[in-house]
Each structure stands twice: as C-alpha cells, then as structure tokens.
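Undergrad: entry35.txt is reproduced in full below (compact mmCIF, C-alpha atoms).
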# COMPACT_ATOMS: atom_id res chain seq x y z
CA LEU A 392 0.00 0.00 0.00
CA LYS A 393 1.53 3.29 -1.12
CA PRO A 394 1.23 6.23 1.27
CA GLY A 395 -0.78 9.32 0.46
CA SER A 396 0.42 12.90 0.43
CA SER A 397 0.14 13.37 4.21
CA LEU A 398 2.75 10.63 4.80
CA GLN A 399 5.17 11.47 2.01
CA GLY A 400 8.51 12.75 3.25
CA LEU A 401 7.88 11.58 6.81
CA THR A 402 10.92 10.24 8.67
CA ALA A 403 10.75 7.84 11.60
CA LEU A 404 13.27 7.82 14.43
CA LEU A 405 13.65 4.27 15.72
CA LEU A 406 14.86 4.50 19.31
CA GLY A 407 17.12 1.79 20.68
CA LEU A 408 20.13 1.06 22.86
CA GLU A 409 23.39 0.77 20.97
CA ARG A 410 24.35 -2.27 23.08
CA ARG A 411 21.21 -4.14 21.98
CA PRO A 412 21.67 -4.61 18.21
CA ASP A 413 19.21 -7.54 18.30
CA ARG A 414 16.37 -5.22 19.25
CA ARG A 415 17.39 -2.72 16.58
CA GLN A 416 17.49 -5.46 13.95
CA ARG A 417 14.04 -6.75 14.88
CA GLY A 418 12.54 -3.27 14.60
CA GLU A 419 14.28 -2.40 11.34
CA ASP A 420 13.37 -5.73 9.73
CA MET A 421 9.73 -5.41 10.75
CA LEU A 422 9.44 -1.85 9.44
CA ALA A 423 11.24 -2.67 6.18
CA LYS A 424 8.83 -5.54 5.53
CA GLU A 425 5.58 -3.94 6.67
CA VAL A 426 6.05 -0.25 5.74
CA PRO A 427 8.81 -0.11 3.09
CA TRP A 428 7.66 3.40 2.16
CA LEU A 429 8.72 4.75 5.56
CA ARG A 430 12.13 6.36 5.78
CA THR A 431 13.63 5.11 9.06
CA GLU A 432 16.66 6.37 10.97
CA PHE A 433 18.11 4.63 14.02
CA PHE A 434 18.30 6.99 16.99
CA ARG A 435 20.79 5.98 19.66
CA ALA A 436 19.04 5.95 23.02
CA THR A 437 20.60 7.54 26.05
CA ASP A 438 21.98 4.66 28.12
CA GLY A 439 21.12 5.39 31.73
CA LYS A 440 23.82 3.00 32.93
CA LEU A 441 26.62 4.46 30.81
CA ASP A 442 25.81 8.02 29.75
CA THR A 443 25.87 11.19 31.82
CA ILE A 444 22.41 12.76 31.92
CA PRO A 445 22.23 16.47 32.86
CA ASP A 446 20.08 17.08 35.93
CA ASP A 447 18.59 20.17 34.29
CA GLU A 448 17.18 17.98 31.51
CA VAL A 449 15.96 14.96 33.49
CA ALA A 450 15.44 15.00 37.25
CA LYS A 451 16.71 12.20 39.48
CA THR A 452 13.40 11.82 41.33
CA TRP A 453 9.71 12.03 40.53
CA ASN A 454 6.61 12.72 42.61
CA THR A 455 3.39 10.68 42.56
CA LYS A 456 0.99 13.64 42.96
CA ASN A 457 0.14 14.10 39.28
CA ASN A 458 0.18 10.37 38.53
CA SER A 459 -2.34 9.77 41.30
CA ASN A 460 -4.93 11.56 39.18
CA TYR A 461 -4.92 8.57 36.85
CA GLY A 462 -3.31 5.67 38.72
CA ALA A 463 -4.90 3.81 41.64
CA TYR A 464 -2.60 4.00 44.66
CA GLU A 465 -3.05 1.99 47.84
CA ASP A 466 -1.52 2.10 51.31
CA VAL A 467 2.06 0.80 51.29
CA MET A 468 3.32 -1.12 54.31
CA ASP A 469 6.68 -2.47 55.39
CA LYS A 470 7.40 -6.12 56.23
CA GLU A 471 6.05 -5.65 59.74
CA GLY A 472 2.76 -4.22 58.57
CA LYS A 473 3.55 -0.63 59.47
CA ILE A 474 2.18 1.92 57.03
CA LEU A 475 4.91 3.71 55.10
CA TYR A 476 2.65 5.80 52.88
CA THR A 477 -1.13 6.11 52.76
CA ALA A 478 -3.15 6.33 49.56
CA ALA A 479 -3.96 9.92 50.52
CA GLN A 480 -0.27 10.80 50.79
CA PHE A 481 0.37 9.56 47.24
CA ALA A 482 -2.19 12.12 46.08
CA ASP A 483 -1.13 15.02 48.31
CA PRO A 484 1.64 16.05 48.86
CA GLY A 485 2.81 13.07 46.80
CA VAL A 486 5.64 10.64 47.45
CA ASP A 487 9.09 11.09 45.93
CA TYR A 488 10.72 8.12 44.22
CA ALA A 489 14.11 7.86 42.56
CA PHE A 490 14.17 7.20 38.83
CA SER A 491 15.99 4.03 37.82
CA PRO A 492 18.88 4.46 35.36
CA GLY A 493 16.71 2.94 32.63
CA GLU A 494 13.83 5.34 33.33
CA ARG A 495 16.13 8.37 33.21
CA GLY A 496 17.71 7.09 30.01
CA CYS A 497 14.31 6.62 28.37
CA ALA A 498 13.14 10.08 29.42
CA HIS A 499 16.35 11.69 28.17
CA SER A 500 16.12 9.85 24.86
CA HIS A 501 12.68 11.32 24.19
CA TYR A 502 13.91 14.74 25.34
CA ARG A 503 16.68 14.56 22.72
CA MET A 504 14.24 13.46 20.02
CA TRP A 505 12.04 16.46 20.85
CA GLN A 506 15.12 18.62 20.34
CA ARG A 507 15.67 16.93 16.98
CA VAL A 508 12.12 17.63 15.82
CA LEU A 509 12.49 21.28 16.78
CA ALA A 510 15.86 21.50 15.00
CA VAL A 511 14.63 20.03 11.68
CA ASN A 512 11.40 22.04 11.94
CA LYS A 513 9.12 19.36 10.56
CA PRO A 514 7.00 16.56 12.01
CA MET A 515 8.70 13.24 12.73
CA LEU A 516 7.43 9.79 13.69
CA ILE A 517 9.00 8.59 16.95
CA LEU A 518 9.11 4.84 17.50
CA GLU A 519 10.50 2.82 20.40
CA HIS A 520 12.36 -0.37 19.53
CA ASP A 521 9.53 -2.66 20.66
CA VAL A 522 6.88 -1.10 18.42
CA GLN A 523 4.74 -3.77 16.76
CA LEU A 524 2.51 -3.38 13.71
CA ILE A 525 1.32 -7.00 13.61
CA PHE A 526 -1.25 -7.94 16.25
CA GLU A 527 -4.83 -9.08 16.73
CA ARG A 528 -7.14 -6.07 16.45
CA THR A 529 -9.81 -5.59 19.10
CA CYS A 530 -12.36 -5.02 16.34
CA GLY A 531 -11.38 -8.31 14.76
CA GLY A 532 -8.84 -9.31 12.15
CA GLN A 533 -5.09 -8.90 11.98
CA SER A 534 -3.21 -5.62 11.99
CA SER A 535 -0.44 -5.27 9.42
CA GLY A 536 1.65 -2.69 7.64
CA ALA A 537 -1.17 -2.21 5.17
CA THR A 538 -3.83 -1.55 7.82
CA PHE A 539 -1.39 0.67 9.71
CA THR A 540 -0.65 2.75 6.61
CA GLU A 541 -4.34 3.15 5.82
CA ARG A 542 -5.28 4.26 9.35
CA PHE A 543 -2.14 6.37 9.72
CA GLU A 544 -2.96 8.25 6.54
CA LEU A 545 -6.44 9.11 7.83
CA GLY A 546 -5.07 10.06 11.22
CA MET A 547 -2.43 12.37 9.77
CA GLN A 548 -4.97 14.09 7.52
CA GLU A 549 -7.23 14.84 10.46
CA ALA A 550 -4.34 15.80 12.76
CA VAL A 551 -3.10 18.35 10.24
CA GLU A 552 -6.61 19.77 9.86
CA ARG A 553 -6.86 20.12 13.64
CA ARG A 554 -3.36 21.65 13.84
CA ALA A 555 -2.32 18.99 16.33
CA ASP A 556 0.91 19.19 18.31
CA VAL A 557 1.22 15.44 18.77
CA LEU A 558 -0.51 12.36 17.40
CA TYR A 559 -0.26 9.24 19.58
CA LEU A 560 -0.42 5.98 17.66
CA GLY A 561 -0.25 3.68 20.67
CA TRP A 562 -2.28 3.72 23.86
CA SER A 563 -2.73 1.95 27.14
CA GLY A 564 -5.95 2.10 29.10
CA HIS A 565 -9.34 3.50 28.12
CA ARG A 566 -9.61 3.87 24.36
CA ASP A 567 -11.66 7.07 24.47
CA GLY A 568 -8.83 9.09 25.96
CA ASN A 569 -8.72 8.44 29.74
CA TYR A 570 -11.13 11.26 30.54
CA LYS A 571 -11.39 11.43 34.32
CA HIS A 572 -11.17 15.09 35.24
CA HIS A 573 -12.00 17.07 32.08
CA ASP A 574 -15.32 17.09 30.30
CA GLU A 575 -15.44 15.48 26.88
CA LYS A 576 -16.36 17.76 24.03
CA PRO A 577 -19.98 17.41 22.91
CA GLY A 578 -20.91 16.35 19.42
CA ARG A 579 -20.15 13.51 17.08
CA LYS A 580 -16.85 11.74 17.68
CA SER A 581 -14.30 11.23 14.96
CA GLN A 582 -14.04 7.69 13.66
CA VAL A 583 -10.25 8.08 13.44
CA LEU A 584 -8.93 10.24 16.27
CA ARG A 585 -9.72 10.80 19.93
CA GLU A 586 -8.54 13.74 22.00
CA ALA A 587 -6.79 12.22 25.03
CA GLU A 588 -6.55 13.69 28.50
CA TYR A 589 -3.73 11.34 29.47
CA VAL A 590 -1.75 8.56 27.79
CA TRP A 591 0.41 5.91 29.43
CA THR A 592 2.76 5.02 26.61
CA THR A 593 5.25 6.62 24.23
CA VAL A 594 5.83 3.62 21.97
CA ALA A 595 4.76 5.50 18.81
CA TYR A 596 3.79 9.11 18.16
CA VAL A 597 4.13 11.87 15.60
CA LEU A 598 5.47 15.13 16.97
CA TRP A 599 5.23 18.52 15.29
CA PRO A 600 7.78 21.32 15.97
CA GLU A 601 5.26 23.41 17.93
CA GLY A 602 4.51 20.40 20.12
CA ALA A 603 8.22 19.74 20.63
CA LYS A 604 8.69 23.34 21.72
CA LYS A 605 5.89 23.05 24.29
CA LEU A 606 7.21 19.75 25.65
CA LEU A 607 10.75 21.08 26.01
CA GLU A 608 9.48 24.18 27.82
CA LYS A 609 7.47 22.04 30.27
CA ALA A 610 10.16 19.38 30.73
CA LYS A 611 12.55 21.43 32.82
CA PRO A 612 12.95 19.84 36.31
Represent the structure of the file as structure tokens.
TA:
Amino acid sequence: LKPGSSLQGLTALLLGLERRPDRRQRGEDMLAKEVPWLRTEFFRATDGKLDTIPDDEVAKTWNTKNNSNYGAYEDVMDKEGKILYTAAQFADPGVDYAFSPGERGCAHSHYRMWQRVLAVNKPMLILEHDVQLIFERTCGGQSSGATFTERFELGMQEAVERRADVLYLGWSGHRDGNYKHHDEKPGRKSQVLREAEYVWTTVAYVLWPEGAKKLLEKAKP
C-alpha cells in the first residue's frame, strides 16, 4: 500500500540502545517488511547505565501527585505491617521516588528526540524499539503494515486539519482518551482520532515542531 500525500517525506526515528543490536534489527526488519515506504533512521538511546544525563534535563526523582490523578494508589506497608505511605499521601503532597537508570535514560532519549524535531522544523514519527505493527485487532482481524498505513494516513490528515501538536499511535488504558477530570467535548466523535486527556505510553507518536517546543518548555525539572 503506497502512502498518500500526508505521509510522504515523513521520517521515523527508531529508538534503541546501541548495546542491543538484536532489538534494533528486529525493529528495522519489521518496518522494512511492513512499511517499506517509511524512511527510518536509528536513533541511539541515552543509556542510563553508561551516559551522563544532565540534571537540568531529566530529574533524578519524581513525585506521585500528578500520577495519582490517573493511577490507583493503595496504602504501602513495610514487612512488619507498618504503614509507610497512605493512599492519601500519594495524592497530596505526593511521594518522591528515585528514577531508575533505565527510566532516566528513556526520558532523556525522548527529550533529545524532541530537540531533533524542533531542529529540523518538521513533524517526525517517533518509535520505540519494541513497536509492533502486527497484532490481533480488538475489532477483529489482523493488523499489518497495510492496515497501519491506511489508518495512519487518515489520522495524519485529520491531525493536520486540527493543527495537532502530537498524534499518539499507541495507547494503554481506556480507548476514548482516559477522561477522568476534564469534560469530553460534545458532538459527534471522529471515527479516526480521539482527543486524550492522558496517555500511558510513548511507543509510537508523531510530533510537530510546535509540540516539541511546548514539551521542552514544560520538561525542565
């Protein structure tokens, strides 16, 4: 299936660790077979165990307060049954946890890809190494490069019309956008896109320069 005009000239950054060539090979082989029209460039991930990550780009700790708006926290106890943190504390003031090296490396990798999008001043498709285009669809049937290209084309057309900053192609959780605190917009829903309040995954998304600028401005620890 040949791509339409909205996909022509699009470049994908395939994120992966340099020390895991097997993962890179799997991703590149899958993309070459399923979407040969897609120009793909390997993007070396920041290795949290080996690379120095500036503290002013990725913090060393994170707080649960914002996450508690969407994740279900429970009381946490030690081995003796003493409460360490209550569910209420996770929500306010929040509990600080240290990022693992892998988590910091992943965050910094996406930070650098946002910088790349802003530098080239055009939208780019960002893919993590474990992206998969072949799977059983919830509506029935098998997903493939052909079905991906067809849906992606429609999604890009609508995203451009809406002047989107980012288009997420993967999701985790409620399919209608994880609306828990904001009101959904009235009217007929698009058959292609949903406006999400919160997403859990960054496995695949298209980012426009204006969106990259906003993310970089908000990402400062």
Undergrad: Near segment 552-562 of chain A, counting all atoms listed in the file, which residues have an atom at most 12 Å away, once you skip same-chain residues fewer than 4 positions from it, shown as JSON, numbers by chain?
TA: {"A": [397, 505, 508, 509, 513, 514, 515, 516, 517, 518, 519, 521, 522, 523, 524, 539, 540, 542, 543, 544, 545, 546, 547, 548, 566, 567, 568, 569, 581, 583, 584, 585, 586, 587, 588, 589, 590, 591, 592, 593, 594, 595, 596, 597, 598, 599, 600, 601, 602, 603, 604, 605, 606]}
Undergrad: What is the distance, in Å and to one decimal place, between atom CA of Cys497 of chain A and atom CA of Thr477 of chain A?
TA: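 These atoms are spaced 28.9 Å apart.
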Undergrad: Nearest residue to Leu405 of chain A out of A:Arg507, A:Arg417, A:His520, A:Lys571, using all atoms listed in the file?
TA: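 Nearest candidate to Leu405 of chain A out of A:Arg507, A:Arg417, A:His520, A:Lys571: A:His520.
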Undergrad: My list of candidates is A:Ser500, A:Ala482, A:Tyr464, A:Val449. Which is closest to Leu408 of chain A when distances are computed with all atoms listed in the file?
TA: A:Ser500
Undergrad: Find the residues around segment 436-446 of chain A up to 8 Å (all atoms listed in the file counted), leave out those fewer than 2 positions away in its own chain, and share them as a list of chain:residue names.
TA: A:Leu406, A:Gly407, A:Leu408, A:Glu409, A:Phe434, A:Glu448, A:Val449, A:Ala450, A:Lys451, A:Pro492, A:Gly493, A:Glu494, A:Arg495, A:Gly496, A:Cys497, A:His499, A:Ser500, A:Pro612
Undergrad: Figure out the distance between atom CA of Glu541 of chain A and atom CA of Lys580 of chain A, please, to one decimal in Å.
TA: 19.3 Å
Undergrad: Give the answer as one residue: which of A:Gln582, A:Thr538, A:Asn460, A:Gln506 has the shortest atom-to-atom distance to Lys393 of chain A, using all atoms listed in the file?
TA: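 Closest to Lys393 of chain A of all the choices is A:Thr538.
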Undergrad: Of the candidates A:Arg579, A:Arg414, A:His501, A:Thr455, which one gets nearest to Tyr476 of chain A if we count all atoms listed in the file?
TA: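 Among the listed residues, A:Thr455 lies closest to Tyr476 of chain A.
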Undergrad: Need the shell around Ser534 of chain A: protein/DNA/RNA residues with any atom at most 6 Å away, counting all atoms listed in the file. Skip same-chain ones fewer than 5 positions apart. Format as a compact mmCIF listing (two decimals) with C-alpha atoms, keeping the file's coordinate frame?
TA:
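Resulting contents of result-v8.txt:
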# COMPACT_ATOMS: atom_id res chain seq x y z
CA ILE A 525 1.32 -7.00 13.61
CA PHE A 526 -1.25 -7.94 16.25
CA ARG A 528 -7.14 -6.07 16.45
Undergrad: Which residue gives the smallest distance to His572 of chain A among A:Lys609, A:Tyr461, A:Phe481, A:Pro412, with all atoms listed in the file counted?
TA: A:Tyr461
Undergrad: I'd like the interatomic distance between atom CA of Glu549 of chain A and atom CA of Ala403 of chain A, to a tenth of an Å.
TA: 19.3 Å
Undergrad: Go through A:Gln480, A:Thr529, A:Ser491, A:Thr402 and flag the residue nearest Thr452 of chain A, using only C-alpha atoms for the distances.
TA: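 For Thr452 of chain A, the nearest of the given residues is A:Ser491.
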Undergrad: Env of Thr431 of chain A: 9 Å cut, atoms = all atoms listed in the file, seq-sep filter 2 positions within chain, self excluded. Answer as an NGL selection string.
TA: :A and (401-405 or 419 or 422-423 or 429 or 433)
Undergrad: Would you output segment 500-521 of chain A from that structure, restricted to N, CA and C atoms, as a PDB file, in the first residue's frame?
TA:
ATOM      1  N   SER A 500      16.163  10.185  26.282  1.00  0.00           N
ATOM      2  CA  SER A 500      16.120   9.845  24.858  1.00  0.00           C
ATOM      3  C   SER A 500      14.993  10.604  24.170  1.00  0.00           C
ATOM      4  N   HIS A 501      13.812  10.605  24.786  1.00  0.00           N
ATOM      5  CA  HIS A 501      12.684  11.316  24.189  1.00  0.00           C
ATOM      6  C   HIS A 501      12.938  12.823  24.214  1.00  0.00           C
ATOM      7  N   TYR A 502      13.560  13.313  25.264  1.00  0.00           N
ATOM      8  CA  TYR A 502      13.912  14.738  25.343  1.00  0.00           C
ATOM      9  C   TYR A 502      14.798  15.127  24.148  1.00  0.00           C
ATOM     10  N   ARG A 503      15.781  14.289  23.843  1.00  0.00           N
ATOM     11  CA  ARG A 503      16.680  14.563  22.720  1.00  0.00           C
ATOM     12  C   ARG A 503      15.960  14.473  21.381  1.00  0.00           C
ATOM     13  N   MET A 504      15.003  13.552  21.267  1.00  0.00           N
ATOM     14  CA  MET A 504      14.243  13.462  20.019  1.00  0.00           C
ATOM     15  C   MET A 504      13.338  14.674  19.841  1.00  0.00           C
ATOM     16  N   TRP A 505      12.811  15.211  20.945  1.00  0.00           N
ATOM     17  CA  TRP A 505      12.040  16.456  20.852  1.00  0.00           C
ATOM     18  C   TRP A 505      12.934  17.582  20.334  1.00  0.00           C
ATOM     19  N   GLN A 506      14.164  17.618  20.819  1.00  0.00           N
ATOM     20  CA  GLN A 506      15.117  18.620  20.338  1.00  0.00           C
ATOM     21  C   GLN A 506      15.360  18.453  18.840  1.00  0.00           C
ATOM     22  N   ARG A 507      15.432  17.212  18.404  1.00  0.00           N
ATOM     23  CA  ARG A 507      15.674  16.929  16.982  1.00  0.00           C
ATOM     24  C   ARG A 507      14.508  17.431  16.132  1.00  0.00           C
ATOM     25  N   VAL A 508      13.288  17.180  16.562  1.00  0.00           N
ATOM     26  CA  VAL A 508      12.118  17.632  15.821  1.00  0.00           C
ATOM     27  C   VAL A 508      12.123  19.150  15.705  1.00  0.00           C
ATOM     28  N   LEU A 509      12.454  19.817  16.790  1.00  0.00           N
ATOM     29  CA  LEU A 509      12.489  21.280  16.779  1.00  0.00           C
ATOM     30  C   LEU A 509      13.590  21.783  15.844  1.00  0.00           C
ATOM     31  N   ALA A 510      14.719  21.079  15.820  1.00  0.00           N
ATOM     32  CA  ALA A 510      15.856  21.498  14.996  1.00  0.00           C
ATOM     33  C   ALA A 510      15.562  21.350  13.502  1.00  0.00           C
ATOM     34  N   VAL A 511      14.915  20.246  13.111  1.00  0.00           N
ATOM     35  CA  VAL A 511      14.633  20.031  11.681  1.00  0.00           C
ATOM     36  C   VAL A 511      13.387  20.787  11.233  1.00  0.00           C
ATOM     37  N   ASN A 512      12.583  21.219  12.206  1.00  0.00           N
ATOM     38  CA  ASN A 512      11.402  22.043  11.943  1.00  0.00           C
ATOM     39  C   ASN A 512      10.397  21.368  11.015  1.00  0.00           C
ATOM     40  N   LYS A 513      10.152  20.089  11.287  1.00  0.00           N
ATOM     41  CA  LYS A 513       9.115  19.362  10.563  1.00  0.00           C
ATOM     42  C   LYS A 513       8.675  18.186  11.422  1.00  0.00           C
ATOM     43  N   PRO A 514       7.463  17.676  11.194  1.00  0.00           N
ATOM     44  CA  PRO A 514       6.998  16.557  12.014  1.00  0.00           C
ATOM     45  C   PRO A 514       7.822  15.299  11.771  1.00  0.00           C
ATOM     46  N   MET A 515       7.990  14.503  12.832  1.00  0.00           N
ATOM     47  CA  MET A 515       8.697  13.240  12.727  1.00  0.00           C
ATOM     48  C   MET A 515       7.922  12.169  13.489  1.00  0.00           C
ATOM     49  N   LEU A 516       8.047  10.928  13.031  1.00  0.00           N
ATOM     50  CA  LEU A 516       7.430   9.794  13.695  1.00  0.00           C
ATOM     51  C   LEU A 516       8.448   9.192  14.658  1.00  0.00           C
ATOM     52  N   ILE A 517       8.105   9.123  15.924  1.00  0.00           N
ATOM     53  CA  ILE A 517       8.999   8.591  16.951  1.00  0.00           C
ATOM     54  C   ILE A 517       8.531   7.193  17.338  1.00  0.00           C
ATOM     55  N   LEU A 518       9.430   6.226  17.220  1.00  0.00           N
ATOM     56  CA  LEU A 518       9.108   4.835  17.504  1.00  0.00           C
ATOM     57  C   LEU A 518      10.103   4.257  18.502  1.00  0.00           C
ATOM     58  N   GLU A 519       9.609   3.557  19.512  1.00  0.00           N
ATOM     59  CA  GLU A 519      10.499   2.816  20.397  1.00  0.00           C
ATOM     60  C   GLU A 519      10.771   1.448  19.782  1.00  0.00           C
ATOM     61  N   HIS A 520      11.873   0.833  20.197  1.00  0.00           N
ATOM     62  CA  HIS A 520      12.358  -0.371  19.525  1.00  0.00           C
ATOM     63  C   HIS A 520      11.357  -1.524  19.545  1.00  0.00           C
ATOM     64  N   ASP A 521      10.464  -1.545  20.542  1.00  0.00           N
ATOM     65  CA  ASP A 521       9.528  -2.663  20.659  1.00  0.00           C
ATOM     66  C   ASP A 521       8.179  -2.397  19.986  1.00  0.00           C
TER      67      ASP A 521
END
